[in-house]
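> Below is work.txt; it holds compact mmCIF, C-alpha atoms.
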```txt
# COMPACT_ATOMS: atom_id res chain seq x y z
CA MET Y 1 184.02 53.51 52.35
CA ALA Y 2 181.28 50.99 53.06
CA SER Y 3 178.87 53.86 53.64
CA ASN Y 4 179.80 55.46 50.33
CA GLY Y 5 179.34 52.14 48.55
CA MET Y 6 175.94 51.68 50.12
CA SER Y 7 174.90 55.21 49.14
CA GLY Y 8 176.02 54.57 45.58
CA MET Y 9 173.97 51.40 45.40
CA VAL Y 10 170.90 53.20 46.77
CA MET Y 11 171.31 56.04 44.27
CA GLY Y 12 171.75 53.57 41.44
CA GLY Y 13 168.58 51.78 42.48
CA VAL Y 14 166.66 55.06 42.61
CA VAL Y 15 167.88 56.00 39.12
CA LEU Y 16 166.84 52.63 37.74
CA LEU Y 17 163.42 52.97 39.40
CA VAL Y 18 162.91 56.46 37.95
CA LEU Y 19 163.91 55.25 34.49
CA ALA Y 20 161.55 52.30 34.77
CA LEU Y 21 158.65 54.54 35.84
CA ALA Y 22 159.39 56.97 33.03
CA GLY Y 23 159.42 54.16 30.49
CA TRP Y 24 156.14 52.78 31.86
CA TYR Y 25 154.54 56.24 31.68
CA LEU Y 26 155.61 56.77 28.06
CA LEU Y 27 154.31 53.32 27.13
CA GLN Y 28 150.93 54.09 28.74
CA GLN Y 29 150.70 57.43 26.91
CA GLN Y 30 151.50 55.75 23.60
CA SER Y 31 148.91 53.02 24.22
CA ALA Y 32 146.28 55.61 25.16
CA ALA Y 33 147.00 57.59 21.99
CA ILE Y 34 146.61 54.48 19.84
CA SER Y 35 143.40 53.53 21.67
CA ASN Y 36 141.92 57.00 21.27
CA LYS Y 37 142.76 56.98 17.57
CA SER Y 38 141.08 53.61 17.15
CA LEU Y 39 137.99 54.79 19.03
CA ALA Y 40 137.80 57.92 16.91
CA MET Y 41 138.02 55.84 13.72
CA ALA Y 42 135.34 53.45 14.98
CA SER Y 43 133.11 56.34 16.01
CA GLY Y 44 133.50 57.95 12.63
CA SER Y 45 132.63 54.71 10.89
CA ALA Y 46 129.53 54.23 13.03
CA SER Y 47 128.51 57.83 12.42
CA ASN Y 48 128.83 57.40 8.66
CA THR Y 49 126.79 54.20 8.78
CA SER Y 50 124.07 55.73 10.93
CA SER Y 51 123.53 58.56 8.44
CA LYS Y 52 122.61 56.14 5.63
CA GLN Y 53 119.85 54.01 7.14
CA PRO Y 54 116.80 54.81 9.30
CA LYS Y 55 117.73 54.20 12.91
CA VAL Y 56 115.78 51.97 15.29
CA VAL Y 57 116.81 52.55 18.91
CA ILE Y 58 116.28 49.62 21.31
CA THR Y 59 116.38 50.81 24.91
CA GLY Y 60 115.09 50.13 28.42
CA LEU Y 61 116.42 49.06 31.82
CA MET Y 62 119.18 46.49 32.33
CA ASN Y 63 118.44 42.77 31.92
CA THR Y 64 115.14 43.22 30.09
CA GLY Y 65 116.17 41.35 26.92
CA LYS Y 66 117.17 44.26 24.67
CA THR Y 67 120.25 42.54 23.26
CA ALA Y 68 118.35 39.28 22.71
CA LEU Y 69 115.77 41.23 20.69
CA TRP Y 70 118.55 43.00 18.80
CA CYS Y 71 120.07 39.62 17.90
CA HIS Y 72 116.74 38.20 16.74
CA LEU Y 73 116.11 41.25 14.54
CA ARG Y 74 119.64 41.27 13.17
CA PHE Y 75 119.62 37.58 12.24
CA SER Y 76 115.94 37.33 11.28
CA GLN Y 77 116.85 36.67 7.62
CA THR Y 78 118.79 33.56 8.66
CA SER Y 79 118.18 30.68 11.04
CA VAL Y 80 117.91 32.44 14.39
CA LYS Y 81 118.64 29.29 16.37
CA SER Y 82 122.00 28.74 14.69
CA ALA Y 83 123.03 32.31 13.80
CA ALA Y 84 122.28 34.41 16.87
CA PRO Y 85 124.97 34.30 19.58
CA MET Y 86 124.23 33.95 23.29
CA THR Y 87 124.01 37.28 25.08
CA GLN Y 88 124.97 38.82 28.40
CA THR Y 89 124.55 42.25 29.97
CA SER Y 90 125.85 44.73 27.41
CA MET Y 91 128.43 47.32 28.41
CA ALA Y 92 128.72 48.89 24.96
CA LEU Y 93 126.37 49.89 22.17
CA ASN Y 94 125.48 47.14 19.68
CA ILE Y 95 125.04 48.59 16.20
CA ALA Y 96 124.32 46.73 12.96
CA GLU Y 97 122.47 47.12 9.70
CA ALA Y 98 119.74 44.58 9.02
CA TYR Y 99 116.68 43.94 6.90
CA VAL Y 100 113.50 43.92 8.97
CA ASN Y 101 110.59 42.62 6.92
CA GLU Y 102 112.54 43.59 3.80
CA THR Y 103 113.02 47.11 5.15
CA ARG Y 104 116.63 48.15 5.68
CA ALA Y 105 117.38 49.61 9.12
CA LEU Y 106 120.20 50.48 11.47
CA LEU Y 107 119.56 48.65 14.75
CA VAL Y 108 121.06 50.29 17.84
CA ASP Y 109 120.94 48.45 21.18
CA VAL Y 110 121.66 50.92 24.02
CA PRO Y 111 122.72 49.33 27.34
CA GLY Y 112 120.40 50.02 30.25
CA HIS Y 113 123.09 51.09 32.72
CA GLN Y 114 122.75 54.68 33.92
CA LYS Y 115 126.19 55.61 32.59
CA PHE Y 116 124.77 55.24 29.05
CA HIS Y 117 122.17 57.99 29.63
CA PHE Y 118 124.06 60.39 27.35
CA ASP Y 119 124.41 57.71 24.64
CA ARG Y 120 120.68 57.04 24.76
CA THR Y 121 119.91 60.74 24.39
CA MET Y 122 122.27 61.02 21.42
CA GLN Y 123 120.81 57.96 19.70
CA LEU Y 124 117.24 59.16 20.28
CA SER Y 125 118.10 62.44 18.54
CA GLN Y 126 118.44 60.46 15.28
CA ALA Y 127 115.77 57.79 15.80
CA ARG Y 128 113.06 56.93 13.31
CA ALA Y 129 111.53 54.39 15.69
CA VAL Y 130 112.06 53.41 19.34
CA VAL Y 131 111.61 49.97 20.87
CA PHE Y 132 111.41 50.14 24.67
CA VAL Y 133 111.84 46.72 26.32
CA VAL Y 134 110.53 45.85 29.78
CA ASP Y 135 110.82 42.68 31.86
CA SER Y 136 107.20 41.61 32.35
CA ALA Y 137 108.08 39.50 35.39
CA GLN Y 138 110.04 42.25 37.19
CA LEU Y 139 108.11 45.38 36.28
CA ALA Y 140 106.00 45.34 39.45
CA LYS Y 141 109.28 45.66 41.42
CA ASN Y 142 110.91 48.37 39.29
CA THR Y 143 107.95 50.32 37.93
CA ARG Y 144 109.47 53.61 39.06
CA GLU Y 145 112.79 53.03 37.27
CA ALA Y 146 111.09 51.82 34.09
CA ALA Y 147 108.70 54.78 34.10
CA GLU Y 148 111.56 57.25 34.58
CA CYS Y 149 113.44 55.74 31.63
CA LEU Y 150 110.36 55.70 29.40
CA TYR Y 151 109.56 59.29 30.44
CA GLU Y 152 113.00 60.37 29.19
CA VAL Y 153 112.25 58.74 25.85
CA LEU Y 154 108.83 60.34 25.42
CA ALA Y 155 110.03 63.77 26.59
CA ASN Y 156 113.01 63.76 24.21
CA GLN Y 157 112.88 66.82 21.94
CA HIS Y 158 113.52 64.91 18.70
CA VAL Y 159 111.03 62.17 19.60
CA GLN Y 160 108.36 64.80 20.19
CA GLU Y 161 109.12 67.05 17.22
CA LYS Y 162 109.24 64.14 14.75
CA GLU Y 163 106.46 62.20 16.52
CA VAL Y 164 108.72 59.16 16.56
CA PRO Y 165 106.65 56.00 17.16
CA VAL Y 166 107.42 54.00 20.31
CA LEU Y 167 106.82 50.28 20.79
CA VAL Y 168 106.86 48.98 24.37
CA VAL Y 169 107.83 45.31 24.22
CA CYS Y 170 106.59 43.45 27.29
CA ASN Y 171 109.26 40.75 27.23
CA LYS Y 172 109.72 37.44 29.10
CA GLN Y 173 106.08 36.44 28.83
CA ASP Y 174 107.17 32.84 29.36
CA ASP Y 175 107.88 33.64 33.03
CA PRO Y 176 105.04 32.54 35.38
CA LEU Y 177 105.22 35.94 37.10
CA ALA Y 178 104.88 37.90 33.86
CA LEU Y 179 102.23 40.61 33.77
CA ALA Y 180 99.99 41.10 30.74
CA ASN Y 181 100.71 44.09 28.52
CA THR Y 182 97.46 45.78 29.60
CA ARG Y 183 98.51 45.59 33.25
CA ILE Y 184 102.00 46.87 32.42
CA GLN Y 185 100.53 49.80 30.50
CA ALA Y 186 98.31 50.69 33.47
CA LEU Y 187 101.21 50.53 35.95
CA LEU Y 188 103.41 52.74 33.76
CA GLU Y 189 100.62 55.26 33.21
CA ASP Y 190 100.03 55.56 36.98
CA GLU Y 191 103.75 55.99 37.69
CA ILE Y 192 104.32 58.51 34.89
CA ASP Y 193 101.35 60.48 36.18
CA ARG Y 194 103.11 60.76 39.55
CA LEU Y 195 106.48 61.49 37.95
CA ARG Y 196 104.97 64.27 35.88
CA GLY Y 197 104.12 66.30 38.95
CA SER Y 198 107.51 65.85 40.64
CA ARG Y 199 109.42 66.70 37.43
CA GLN Y 200 107.41 69.86 36.91
CA ALA Y 201 107.99 70.92 40.51
CA GLY Y 202 111.73 70.38 40.01
CA LEU Y 203 111.75 72.46 36.83
CA ASP Y 204 109.74 75.22 38.51
CA SER Y 205 112.20 75.45 41.40
CA VAL Y 206 115.07 75.98 38.96
CA GLN Y 207 113.21 78.33 36.65
CA ASP Y 208 112.05 80.60 39.48
CA THR Y 209 115.53 82.14 39.42
CA ALA Y 210 115.87 82.43 35.64
CA TYR Y 211 112.55 82.10 33.85
CA ASP Y 212 112.70 82.82 30.12
CA ASP Y 213 111.18 81.59 26.88
CA ALA Y 214 113.61 78.67 26.62
CA ALA Y 215 112.81 77.56 30.16
CA ALA Y 216 109.08 77.82 29.47
CA GLU Y 217 109.51 75.72 26.32
CA GLU Y 218 111.44 73.09 28.24
CA ARG Y 219 108.73 72.94 30.89
CA ALA Y 220 106.01 72.52 28.28
CA ARG Y 221 107.94 69.79 26.42
CA ASP Y 222 108.71 67.88 29.61
CA PHE Y 223 105.05 67.72 30.59
CA LEU Y 224 103.53 64.62 29.04
CA GLY Y 225 99.82 64.59 28.29
CA PHE Y 226 97.33 67.29 29.26
CA GLU Y 227 97.12 69.56 32.30
CA GLY Y 228 94.32 68.55 34.65
CA LYS Y 229 93.96 65.08 33.10
CA ARG Y 230 95.39 61.80 34.35
CA PHE Y 231 98.29 60.70 32.18
CA ALA Y 232 97.52 58.27 29.36
CA PHE Y 233 99.81 57.11 26.56
CA GLU Y 234 97.16 58.05 24.02
CA ASP Y 235 97.70 61.71 24.95
CA VAL Y 236 101.39 61.97 23.99
CA VAL Y 237 102.41 63.23 20.55
CA SER Y 238 104.29 60.03 19.66
CA PRO Y 239 102.15 56.97 18.95
CA VAL Y 240 102.78 54.35 21.65
CA GLN Y 241 101.93 50.67 21.28
CA PHE Y 242 102.33 47.71 23.67
CA ASN Y 243 103.23 44.20 22.49
CA GLU Y 244 103.94 40.98 24.37
CA ALA Y 245 107.01 38.91 23.49
CA THR Y 246 109.46 36.24 24.60
CA MET Y 247 113.02 36.87 23.43
CA VAL Y 248 115.37 33.98 24.21
CA VAL Y 249 118.43 33.67 22.00
CA GLY Y 250 118.82 30.14 20.68
CA HIS Y 251 115.07 29.48 20.59
CA ASP Y 252 112.09 30.63 18.58
CA ALA Y 253 111.06 34.15 19.57
CA GLY Y 254 107.44 34.63 20.56
CA GLY Y 255 106.03 37.91 19.25
CA LEU Y 256 108.97 38.62 16.91
CA GLU Y 257 106.85 38.78 13.74
CA GLN Y 258 104.60 41.46 15.22
CA ILE Y 259 107.64 43.50 16.28
CA GLU Y 260 109.18 43.17 12.81
CA ARG Y 261 105.94 44.33 11.16
CA TRP Y 262 105.70 47.28 13.52
CA ILE Y 263 109.30 48.36 12.76
CA ALA Y 264 108.82 48.04 9.02
CA ASP Y 265 105.60 50.08 9.14
CA ALA Y 266 107.22 52.74 11.36
CA LEU Y 267 110.16 53.18 8.97
CA GLN Y 268 108.00 53.30 5.85
CA ASN Y 269 105.60 55.94 7.16
```
Go ahead and express the file in the form of structure tokens.

Amino acid sequence: MASNGMSGMVMGGVVLLVLALAGWYLLQQQSAAISNKSLAMASGSASNTSSKQPKVVITGLMNTGKTALWCHLRFSQTSVKSAAPMTQTSMALNIAEAYVNETRALLVDVPGHQKFHFDRTMQLSQARAVVFVVDSAQLAKNTREAAECLYEVLANQHVQEKEVPVLVVCNKQDDPLALANTRIQALLEDEIDRLRGSRQAGLDSVQDTAYDDAAAEERARDFLGFEGKRFAFEDVVSPVQFNEATMVVGHDAGGLEQIERWIADALQN
């Protein structure tokens, strides 16, 4: 009898556990459905907004000051010191409409983490102007990574076909280790020149097995500059300009006026 009672208690406990797990599972499914619906609505809203205003894509590696620049541009019509919030490493796209030198624009700040590679590609496919931010004090240590990211921007099909202008903002010029924009340009040109050869070799190894017109077009588009000539930014189809800046949220931004003028000119042309 004691054994039967014990078995009954065990079975009852198992039933309660199964019911609890089933309830938890249904709750999770319901929460996921609500979350997905909310994300879809938010995505649709962002998509509708992005179709109305010329898009400025702010991109680059992590911790270069992209979000600080985005904040300065977004709140440039107000008191930046009091209006712009403090920033931290972004793990989601920041999107907002703003007037930049009296020119209306959609500002898109794309996080620098590698997992946002697809998002950057999608945003570039609609860009009217691109602002690529680098950390002037750290570039000597991560030249390869910065060059790879900038290469992706310049080799983007939409950027090339529309000759989308690109501004490279050499940020954090207040740092004692900051490099001048001319030095940064030279370092990136040298690294992209090396990257160009390795990327072409990689494409050739794939295309040896299935070489067609589309593959040939991709190879030609991916090659930046001219065959037999050292890479230079002046040789790419998109106009590329380098500016120095210091973007610190909560303080006056050095170089902001020049960036604002460049954006306004890029959107009006």
> Would you kindly return, as a PyMOL selection string, each protein, DNA or RNA residue with an atom no farther than 10 Å from any atom of segment 92-102 of chain Y, considering only C-alpha atoms and excluding same-chain residues fewer than 3 positions away?
chain Y and resi 46+49-50+52-58+67+70-71+73-77+89+105-113+116+119-120+257+259-265+267
> Between Y:Thr121, Y:Thr143, Y:Thr182, Y:Gln126, which has the minimum distance to Leu195 of chain Y (counting all atoms listed in the file)?
Y:Thr143
> Considering only C-alpha atoms, return as an MDAnalysis selection string whatever protein or nucleic-acid residues lie within 10 Å of segment 165-169 of chain Y, sequence-local ones (same chain, fewer than 3 positions apart) excluded.
chainID Y and resid 56:60 64:66 69 127:136 150 153:154 159:160 162 172 181 184:185 237:247 255:256 259 262:263 266:267
> In Å, how far is it from atom CA of Lys115 of chain Y to atom CA of Leu188 of chain Y?
23.0 Å
> Which residue, Y:Glu218, Y:Asp175, Y:Glu148, Y:Asp193, has the smallest gap to Ala232 of chain Y when you use only C-alpha atoms?
Y:Asp193
> In Å, with one decimal, what is the gap from atom CA of Gln114 of chain Y to atom CA of Leu61 of chain Y?
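Pair atom CA of Gln114 of chain Y / atom CA of Leu61 of chain Y returns 8.7 Å.
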> So, with all atoms listed in the file as the atoms that count, which of Y:Ala68, Y:Val236, Y:Met91, Y:Ala180 lies closest to Asp222 of chain Y?
Y:Val236
> Rounded to one decimal, what separation in Å do you get between atom CA of Leu187 of chain Y and atom CA of Tyr151 of chain Y?
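Between atom CA of Leu187 of chain Y and atom CA of Tyr151 of chain Y the gap works out to 13.3 Å.
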> Which residue, Y:Arg104, Y:Arg194, Y:Asn171, Y:Gln200, has the smallest gap to Arg221 of chain Y when you use all atoms listed in the file?
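Closest candidate: Y:Gln200.
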> From the set Y:Glu161, Y:Asp174, Y:Glu227, Y:Glu191, which residue has the shortest atom-to-atom contact distance to Glu145 of chain Y, counting all atoms listed in the file?
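So, comparing all the options, the nearest one is Y:Glu191.
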> Could you check which of Y:Ala201, Y:Ala147, Y:Leu124, Y:Val164 is closest to Glu189 of chain Y, using only C-alpha atoms?
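Looking at the shortest contact to Glu189 of chain Y, the residue is Y:Ala147.
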